Each structure stands twice: as structure tokens, then as C-alpha cells.
Amino acid sequence: MEDQKNQNQPIPFKKASSWKNMLGKKWAFPAIYIGTAAIILAIVMWYQSSVTDTVPGQTADNGGVAVTTPQDGTAIPADESAGKDGAVPVAGNPQPLAWPVGKGVKYEQGMGFYDEQASKDEQQKALVTYKDTYIPHTGIDLKATDGKRFDVTAALAGKVTKVENDPLVGFKVEIEHDDKLVTVYQSLEKVTVKPGDQVTQGQVLGTAGRNVYEKDAGVHLHFEVHVDGEPVNPEQYLVQPEAEHQ
């Protein structure tokens, strides 16, 4: 009878005891941790490799210059995707601007553009004094040598986007061109265009006059050039002066 009871009792599970003994070793948990970390790292590297292989237009480092490869996998040489100094050139070169003064008018340049890189003396000459405040001049002033009114013309073909009568700077015309370039004409006495008009280079926009903001300048045109919404020195874009420019 006693033998029968012993036969019915469950046999101890020796494998569980073996795992318990192994886990009790000092090296068990560090080994498990390192093994798990290695598996996770391998999965992450495999995933990143698969994503890189499937994304078109990936970039690669070429001597410090990021060179983009098109979707067909053809690499673009560094000297074609960026300048020699690593700078990416601006897309497109705008057509040179014509001086915005009517034909036959002899004119001269007044106050110039305030350049932060210029000397202190040049910067002082490009400050507008208004109500005891010195304000950087964001364009150039042009005036006839005889001091009379003259026709103001479009420096470049484009679309008139704004015409307004400002109490400080007089009539103001803005023309939008390609390559995110905008030309601005201020201190006009009258205007012959309206918003939405498509104008050609050299087309008359109005007549130069006086304004309150630069009252000491007399009859003149205040001309600005904006690129990406920021004023830049117009002389960088204007063609060489014509014979009438004294």
C-alpha cells in the first residue's frame, strides 16, 4: 500500500531547479543583459539600413559639402550642387535692372544704401534724420541734376502688386519680378499704373516728387530692391550707368 502511494506522488521537476541554479550565478544577469542589448542593436541597425535604401534623394557627405543624389541614384558633383566655398547658389540669376529714370534725363545719385559692412563714415552718410531720429536708408535716391520733376520707369518687367499714397513717402509703387525679387518706387508725385498691371522694363510708372520723410532731398525718386522680403543694395543689381547719369 505504501509503495502505491509513492508511485502516485509527482516526480520533482529537475529542469526548474537547473534554471534556478544557473540564475543564481553572478555572471547570469550581466550575460542576459548584454545578449539582449546586442539583439536590440542589431534590429535597430537593420531597420535604419532598410530605410536608407528605400528613401530616394538621400544625401551624402562629400568633403564637408552635402551633395544630394537624385532618385535615379546618379551623384551630383560637388561643384555643380554648391559653390566652391560650400554655399548653395541662389536659383536663377535675375536680369540686370535698368536705372529707373526716363530717357534723356540727366540725373545724379543722392543718399545711398545703408550697408552694415561699410565704414562708419559711409554708414553715417546713409542715415535719414526724421524727428531727431537716425534711421538706416534702405534704398538709393535719384534726382535730376536740374532739380526738376522727371519720369520714373520700371527697372525690370513684372507685375504691379501695390500702389498707395503714403503720407510720409508720397505715392509708392511695388513691382514683383521673378526669383523673389521686388522693386519699390517711392516719393512719386503721381502714378500711371495700378495693381495687377503687367509692365515692361522702361515703362513709365509716374513722376518723381517730394515727400515729408526725406524733405531735404527735394524732388527725387527713392528706389529699393528687395530679395526674399529683405532690402538689398540696388547698385548690386543695376546695370552700368548710362550717359545721362552724371
# chains A, B, ... in the order shown; residues from 1 in each chain; ligands from 1
>>> closest_atom_pairs(of="segment 91-156 of chain A", to="segment 208-211 of chain A", cutoff="12 Å", atoms="only C-alpha atoms", output="Markdown table")
| residue | atom | partner | partner_atom | distance |
| --- | --- | --- | --- | --- |
| A:Pro100 | CA | A:Ala208 | CA | 10.6 |
| A:Val101 | CA | A:Ala208 | CA | 9.3 |
| A:Gly102 | CA | A:Ala208 | CA | 10.3 |
| A:Val105 | CA | A:Ala208 | CA | 11.9 |
| A:Tyr107 | CA | A:Ala208 | CA | 11.9 |
| A:Tyr130 | CA | A:Asn211 | CA | 11.9 |
| A:Asp141 | CA | A:Ala208 | CA | 10.7 |
| A:Leu142 | CA | A:Ala208 | CA | 9.2 |
| A:Lys143 | CA | A:Ala208 | CA | 8.2 |
| A:Ala144 | CA | A:Ala208 | CA | 9.4 |
| A:Gly147 | CA | A:Gly209 | CA | 10.1 |
| A:Lys148 | CA | A:Gly209 | CA | 8.7 |
| A:Arg149 | CA | A:Ala208 | CA | 5.5 |
| A:Phe150 | CA | A:Ala208 | CA | 5.6 |
| A:Asp151 | CA | A:Ala208 | CA | 6.4 |
| A:Val152 | CA | A:Ala208 | CA | 6.2 |
| A:Thr153 | CA | A:Ala208 | CA | 10.0 |
>>> write_last_selection(atoms="N, CA, C and O atoms", output="PDB file, in the first residue's frame")
ATOM      1  N   PRO A 100      15.951 103.405 -63.049  1.00  0.00           N
ATOM      2  CA  PRO A 100      14.519 103.741 -63.175  1.00  0.00           C
ATOM      3  C   PRO A 100      14.244 105.213 -63.459  1.00  0.00           C
ATOM      4  O   PRO A 100      13.418 105.852 -62.786  1.00  0.00           O
ATOM      5  N   VAL A 101      14.921 105.742 -64.448  1.00  0.00           N
ATOM      6  CA  VAL A 101      14.793 107.157 -64.796  1.00  0.00           C
ATOM      7  C   VAL A 101      14.471 107.271 -66.280  1.00  0.00           C
ATOM      8  O   VAL A 101      15.027 106.540 -67.112  1.00  0.00           O
ATOM      9  N   GLY A 102      13.551 108.186 -66.632  1.00  0.00           N
ATOM     10  CA  GLY A 102      13.121 108.364 -68.014  1.00  0.00           C
ATOM     11  C   GLY A 102      14.259 108.728 -68.956  1.00  0.00           C
ATOM     12  O   GLY A 102      15.284 109.280 -68.539  1.00  0.00           O
ATOM     13  N   VAL A 105      16.905 112.104 -69.334  1.00  0.00           N
ATOM     14  CA  VAL A 105      17.014 112.826 -68.069  1.00  0.00           C
ATOM     15  C   VAL A 105      18.433 112.686 -67.520  1.00  0.00           C
ATOM     16  O   VAL A 105      18.943 111.576 -67.364  1.00  0.00           O
ATOM     17  N   TYR A 107      20.684 112.743 -64.442  1.00  0.00           N
ATOM     18  CA  TYR A 107      20.388 112.559 -63.017  1.00  0.00           C
ATOM     19  C   TYR A 107      21.648 112.226 -62.242  1.00  0.00           C
ATOM     20  O   TYR A 107      22.696 111.923 -62.803  1.00  0.00           O
ATOM     21  N   TYR A 130      14.928 111.893 -39.113  1.00  0.00           N
ATOM     22  CA  TYR A 130      13.484 112.175 -39.089  1.00  0.00           C
ATOM     23  C   TYR A 130      13.045 112.291 -37.631  1.00  0.00           C
ATOM     24  O   TYR A 130      13.183 111.359 -36.842  1.00  0.00           O
ATOM     25  N   ASP A 141      18.624 107.177 -53.504  1.00  0.00           N
ATOM     26  CA  ASP A 141      17.853 108.312 -54.004  1.00  0.00           C
ATOM     27  C   ASP A 141      18.444 108.778 -55.330  1.00  0.00           C
ATOM     28  O   ASP A 141      19.662 108.897 -55.476  1.00  0.00           O
ATOM     29  N   LEU A 142      17.564 109.054 -56.295  1.00  0.00           N
ATOM     30  CA  LEU A 142      17.974 109.565 -57.602  1.00  0.00           C
ATOM     31  C   LEU A 142      17.236 110.870 -57.863  1.00  0.00           C
ATOM     32  O   LEU A 142      16.031 110.966 -57.595  1.00  0.00           O
ATOM     33  N   LYS A 143      17.938 111.853 -58.394  1.00  0.00           N
ATOM     34  CA  LYS A 143      17.297 113.139 -58.695  1.00  0.00           C
ATOM     35  C   LYS A 143      17.918 113.759 -59.934  1.00  0.00           C
ATOM     36  O   LYS A 143      19.082 113.517 -60.270  1.00  0.00           O
ATOM     37  N   ALA A 144      17.094 114.549 -60.626  1.00  0.00           N
ATOM     38  CA  ALA A 144      17.562 115.216 -61.843  1.00  0.00           C
ATOM     39  C   ALA A 144      18.563 116.302 -61.467  1.00  0.00           C
ATOM     40  O   ALA A 144      18.427 116.959 -60.425  1.00  0.00           O
ATOM     41  N   GLY A 147      17.097 119.623 -60.842  1.00  0.00           N
ATOM     42  CA  GLY A 147      16.176 119.732 -59.712  1.00  0.00           C
ATOM     43  C   GLY A 147      14.709 119.630 -60.079  1.00  0.00           C
ATOM     44  O   GLY A 147      13.844 119.759 -59.211  1.00  0.00           O
ATOM     45  N   LYS A 148      14.415 119.363 -61.361  1.00  0.00           N
ATOM     46  CA  LYS A 148      13.016 119.323 -61.797  1.00  0.00           C
ATOM     47  C   LYS A 148      12.440 117.906 -61.671  1.00  0.00           C
ATOM     48  O   LYS A 148      13.171 116.935 -61.467  1.00  0.00           O
ATOM     49  N   ARG A 149      11.132 117.814 -61.842  1.00  0.00           N
ATOM     50  CA  ARG A 149      10.461 116.511 -61.833  1.00  0.00           C
ATOM     51  C   ARG A 149      10.851 115.716 -63.077  1.00  0.00           C
ATOM     52  O   ARG A 149      11.156 116.301 -64.115  1.00  0.00           O
ATOM     53  N   PHE A 150      10.804 114.399 -62.990  1.00  0.00           N
ATOM     54  CA  PHE A 150      11.181 113.555 -64.122  1.00  0.00           C
ATOM     55  C   PHE A 150      10.373 112.254 -64.082  1.00  0.00           C
ATOM     56  O   PHE A 150       9.788 111.892 -63.043  1.00  0.00           O
ATOM     57  N   ASP A 151      10.326 111.598 -65.228  1.00  0.00           N
ATOM     58  CA  ASP A 151       9.599 110.332 -65.318  1.00  0.00           C
ATOM     59  C   ASP A 151      10.354 109.220 -64.587  1.00  0.00           C
ATOM     60  O   ASP A 151      11.581 109.090 -64.712  1.00  0.00           O
ATOM     61  N   VAL A 152       9.590 108.428 -63.848  1.00  0.00           N
ATOM     62  CA  VAL A 152      10.130 107.256 -63.167  1.00  0.00           C
ATOM     63  C   VAL A 152       9.703 106.023 -63.962  1.00  0.00           C
ATOM     64  O   VAL A 152       8.518 105.884 -64.309  1.00  0.00           O
ATOM     65  N   THR A 153      10.639 105.137 -64.265  1.00  0.00           N
ATOM     66  CA  THR A 153      10.347 103.983 -65.117  1.00  0.00           C
ATOM     67  C   THR A 153      10.614 102.669 -64.380  1.00  0.00           C
ATOM     68  O   THR A 153      11.365 102.624 -63.399  1.00  0.00           O
TER      69      THR A 153
END
>>> residues_around(residues="Met111 of chain A", least_positions_apart="5", cutoff="8 Å", atoms="only C-alpha atoms", output="CSV table (one decimal) with all heavy atoms, in the first residue's frame")
chain,number,residue,atom,x,y,z
A,125,LYS,N,26.6,108.6,-43.7
A,125,LYS,CA,26.1,109.3,-44.9
A,125,LYS,C,24.8,108.6,-45.3
A,125,LYS,O,24.0,109.2,-46.1
A,125,LYS,CB,27.1,109.3,-46.0
A,125,LYS,CG,28.3,110.1,-45.8
A,125,LYS,CD,29.3,110.0,-46.9
A,125,LYS,CE,30.5,110.8,-46.7
A,125,LYS,NZ,31.5,110.6,-47.9
A,126,ALA,N,24.5,107.4,-44.9
A,126,ALA,CA,23.3,106.7,-45.3
A,126,ALA,C,22.3,106.6,-44.2
A,126,ALA,O,21.5,105.6,-44.0
A,126,ALA,CB,23.7,105.3,-45.8
A,137,HIS,N,19.0,104.1,-44.2
A,137,HIS,CA,18.4,104.3,-45.6
A,137,HIS,C,18.4,102.9,-46.3
A,137,HIS,O,19.4,102.3,-46.5
A,137,HIS,CB,19.2,105.3,-46.3
A,137,HIS,CG,18.5,105.9,-47.5
A,137,HIS,ND1,19.0,105.8,-48.8
A,137,HIS,CD2,17.3,106.6,-47.5
A,137,HIS,CE1,18.1,106.5,-49.6
A,137,HIS,NE2,17.1,107.0,-48.9
A,140,ILE,N,18.3,103.7,-52.5
A,140,ILE,CA,19.1,104.8,-53.0
A,140,ILE,C,18.2,105.9,-53.6
A,140,ILE,O,17.0,105.7,-54.0
A,140,ILE,CB,20.0,104.4,-54.2
A,140,ILE,CG1,19.2,103.8,-55.4
A,140,ILE,CG2,21.0,103.4,-53.7
A,140,ILE,CD1,20.1,103.5,-56.6
A,141,ASP,N,18.6,107.2,-53.5
A,141,ASP,CA,17.9,108.3,-54.0
A,141,ASP,C,18.4,108.8,-55.3
A,141,ASP,O,19.7,108.9,-55.5
A,141,ASP,CB,17.9,109.5,-53.0
A,141,ASP,CG,17.1,109.2,-51.7
A,141,ASP,OD1,16.3,108.2,-51.8
A,141,ASP,OD2,17.3,109.8,-50.7
>>> closest_residue(among="A:Ala155, A:Ala217, A:Leu168, A:Val232", to="Thr138 of chain A", atoms="only C-alpha atoms")
A:Val232
>>> atom_distance(atom1="atom CA of Pro195 of chain A", atom2="atom CA of Glu235 of chain A")
26.0 Å
>>> closest_residue(among="A:Ala154, A:Leu238, A:Ala98, A:Leu127", to="Val204 of chain A", atoms="only C-alpha atoms")
A:Ala154
>>> residues_around(residues="Val160 of chain A", least_positions_apart="3", cutoff="9 Å", atoms="only C-alpha atoms", output="list in words")
Val163, Val173, Glu174, Ile175, Glu176, Val193, Lys194, Pro195, Gly196, Asp197, Gln198 and Val199 of chain A
>>> write_last_selection(atoms="N, CA, C and O atoms", output="compact mmCIF listing (two decimals), in the first residue's frame")
# COMPACT_ATOMS: atom_id res chain seq x y z
N VAL A 163 0.04 99.88 -55.12
CA VAL A 163 0.08 101.31 -55.41
C VAL A 163 -0.65 102.00 -54.26
O VAL A 163 -1.84 101.74 -54.03
N VAL A 173 4.97 102.60 -55.36
CA VAL A 173 4.64 101.52 -56.29
C VAL A 173 5.57 100.34 -56.03
O VAL A 173 6.79 100.53 -55.86
N GLU A 174 5.00 99.13 -55.98
CA GLU A 174 5.81 97.92 -55.83
C GLU A 174 5.55 97.00 -57.02
O GLU A 174 4.39 96.81 -57.41
N ILE A 175 6.62 96.44 -57.57
CA ILE A 175 6.53 95.54 -58.72
C ILE A 175 7.21 94.22 -58.36
O ILE A 175 8.35 94.22 -57.87
N GLU A 176 6.52 93.14 -58.62
CA GLU A 176 7.06 91.80 -58.32
C GLU A 176 7.66 91.20 -59.59
O GLU A 176 7.06 91.24 -60.65
N VAL A 193 0.14 103.72 -63.17
CA VAL A 193 -0.17 102.28 -63.20
C VAL A 193 -1.05 101.94 -62.02
O VAL A 193 -1.24 102.74 -61.10
N LYS A 194 -1.59 100.73 -62.04
CA LYS A 194 -2.46 100.27 -60.96
C LYS A 194 -2.13 98.81 -60.62
O LYS A 194 -1.51 98.11 -61.43
N PRO A 195 -2.53 98.33 -59.45
CA PRO A 195 -2.25 96.94 -59.07
C PRO A 195 -2.81 95.96 -60.10
O PRO A 195 -3.92 96.13 -60.61
N GLY A 196 -2.00 94.95 -60.42
CA GLY A 196 -2.41 93.95 -61.40
C GLY A 196 -1.86 94.20 -62.79
O GLY A 196 -1.87 93.29 -63.63
N ASP A 197 -1.37 95.42 -63.05
CA ASP A 197 -0.81 95.73 -64.37
C ASP A 197 0.50 94.97 -64.59
O ASP A 197 1.32 94.84 -63.68
N GLN A 198 0.67 94.47 -65.80
CA GLN A 198 1.93 93.88 -66.23
C GLN A 198 2.72 94.97 -66.95
O GLN A 198 2.25 95.52 -67.93
N VAL A 199 3.90 95.29 -66.45
CA VAL A 199 4.69 96.38 -67.03
C VAL A 199 5.96 95.82 -67.66
O VAL A 199 6.44 94.74 -67.29
>>> residues_around(residues="Tyr185 of chain A", least_positions_apart="3", cutoff="6 Å", atoms="only C-alpha atoms", output="PyMOL selection string")
chain A and resi 172-173+222-223
>>> write_last_selection(atoms="N, CA, C and O atoms", output="PDB file, in the first residue's frame")
ATOM      1  N   LYS A 172       3.637 105.369 -53.672  1.00  0.00           N
ATOM      2  CA  LYS A 172       4.557 104.233 -53.613  1.00  0.00           C
ATOM      3  C   LYS A 172       4.059 103.134 -54.544  1.00  0.00           C
ATOM      4  O   LYS A 172       2.887 102.780 -54.531  1.00  0.00           O
ATOM      5  N   VAL A 173       4.974 102.596 -55.361  1.00  0.00           N
ATOM      6  CA  VAL A 173       4.642 101.518 -56.292  1.00  0.00           C
ATOM      7  C   VAL A 173       5.574 100.343 -56.026  1.00  0.00           C
ATOM      8  O   VAL A 173       6.789 100.525 -55.864  1.00  0.00           O
ATOM      9  N   HIS A 222      13.009 107.659 -54.554  1.00  0.00           N
ATOM     10  CA  HIS A 222      13.615 106.710 -53.614  1.00  0.00           C
ATOM     11  C   HIS A 222      13.359 105.318 -54.177  1.00  0.00           C
ATOM     12  O   HIS A 222      12.213 104.882 -54.316  1.00  0.00           O
ATOM     13  N   PHE A 223      14.440 104.594 -54.491  1.00  0.00           N
ATOM     14  CA  PHE A 223      14.336 103.299 -55.170  1.00  0.00           C
ATOM     15  C   PHE A 223      14.906 102.187 -54.288  1.00  0.00           C
ATOM     16  O   PHE A 223      16.017 102.308 -53.764  1.00  0.00           O
TER      17      PHE A 223
END
>>> closest_residue(among="A:Gln117, A:Thr207, A:Thr200, A:Gln236", to="Gly170 of chain A", atoms="only C-alpha atoms")
A:Thr207
>>> atom_distance(atom1="atom CA of Glu224 of chain A", atom2="atom CA of Pro136 of chain A")
12.8 Å
>>> decode(residues="segment 171-187 of chain A", atoms="N, CA, C and O atoms", output="compact mmCIF listing (two decimals), in the first residue's frame")
# COMPACT_ATOMS: atom_id res chain seq x y z
N PHE A 171 3.51 108.87 -53.09
CA PHE A 171 3.00 107.69 -53.79
C PHE A 171 4.08 106.62 -53.84
O PHE A 171 5.26 106.91 -54.05
N LYS A 172 3.64 105.37 -53.67
CA LYS A 172 4.56 104.23 -53.61
C LYS A 172 4.06 103.13 -54.54
O LYS A 172 2.89 102.78 -54.53
N VAL A 173 4.97 102.60 -55.36
CA VAL A 173 4.64 101.52 -56.29
C VAL A 173 5.57 100.34 -56.03
O VAL A 173 6.79 100.53 -55.86
N GLU A 174 5.00 99.13 -55.98
CA GLU A 174 5.81 97.92 -55.83
C GLU A 174 5.55 97.00 -57.02
O GLU A 174 4.39 96.81 -57.41
N ILE A 175 6.62 96.44 -57.57
CA ILE A 175 6.53 95.54 -58.72
C ILE A 175 7.21 94.22 -58.36
O ILE A 175 8.35 94.22 -57.87
N GLU A 176 6.52 93.14 -58.62
CA GLU A 176 7.06 91.80 -58.32
C GLU A 176 7.66 91.20 -59.59
O GLU A 176 7.06 91.24 -60.65
N HIS A 177 8.85 90.62 -59.43
CA HIS A 177 9.56 90.01 -60.56
C HIS A 177 9.87 88.55 -60.23
O HIS A 177 9.48 88.04 -59.18
N ASP A 178 10.57 87.88 -61.14
CA ASP A 178 10.97 86.50 -60.90
C ASP A 178 12.05 86.45 -59.82
O ASP A 178 12.62 87.48 -59.44
N ASP A 179 12.35 85.23 -59.35
CA ASP A 179 13.44 84.98 -58.40
C ASP A 179 13.23 85.73 -57.08
O ASP A 179 14.20 86.17 -56.44
N LYS A 180 11.95 85.89 -56.67
CA LYS A 180 11.61 86.51 -55.39
C LYS A 180 12.19 87.92 -55.25
O LYS A 180 12.60 88.34 -54.18
N LEU A 181 12.24 88.63 -56.37
CA LEU A 181 12.77 89.99 -56.39
C LEU A 181 11.63 90.99 -56.54
O LEU A 181 10.72 90.78 -57.35
N VAL A 182 11.68 92.06 -55.76
CA VAL A 182 10.66 93.12 -55.79
C VAL A 182 11.36 94.47 -55.87
O VAL A 182 12.35 94.71 -55.16
N THR A 183 10.89 95.34 -56.75
CA THR A 183 11.40 96.71 -56.81
C THR A 183 10.35 97.66 -56.26
O THR A 183 9.15 97.48 -56.45
N VAL A 184 10.84 98.68 -55.54
CA VAL A 184 9.96 99.63 -54.85
C VAL A 184 10.33 101.05 -55.28
O VAL A 184 11.51 101.42 -55.31
N TYR A 185 9.30 101.85 -55.61
CA TYR A 185 9.48 103.21 -56.08
C TYR A 185 8.69 104.14 -55.17
O TYR A 185 7.45 104.06 -55.10
N GLN A 186 9.38 105.05 -54.47
CA GLN A 186 8.72 105.96 -53.52
C GLN A 186 9.01 107.41 -53.88
O GLN A 186 9.85 107.70 -54.72
N SER A 187 8.30 108.30 -53.22
CA SER A 187 8.40 109.74 -53.43
C SER A 187 7.90 110.14 -54.82
O SER A 187 8.45 111.04 -55.46
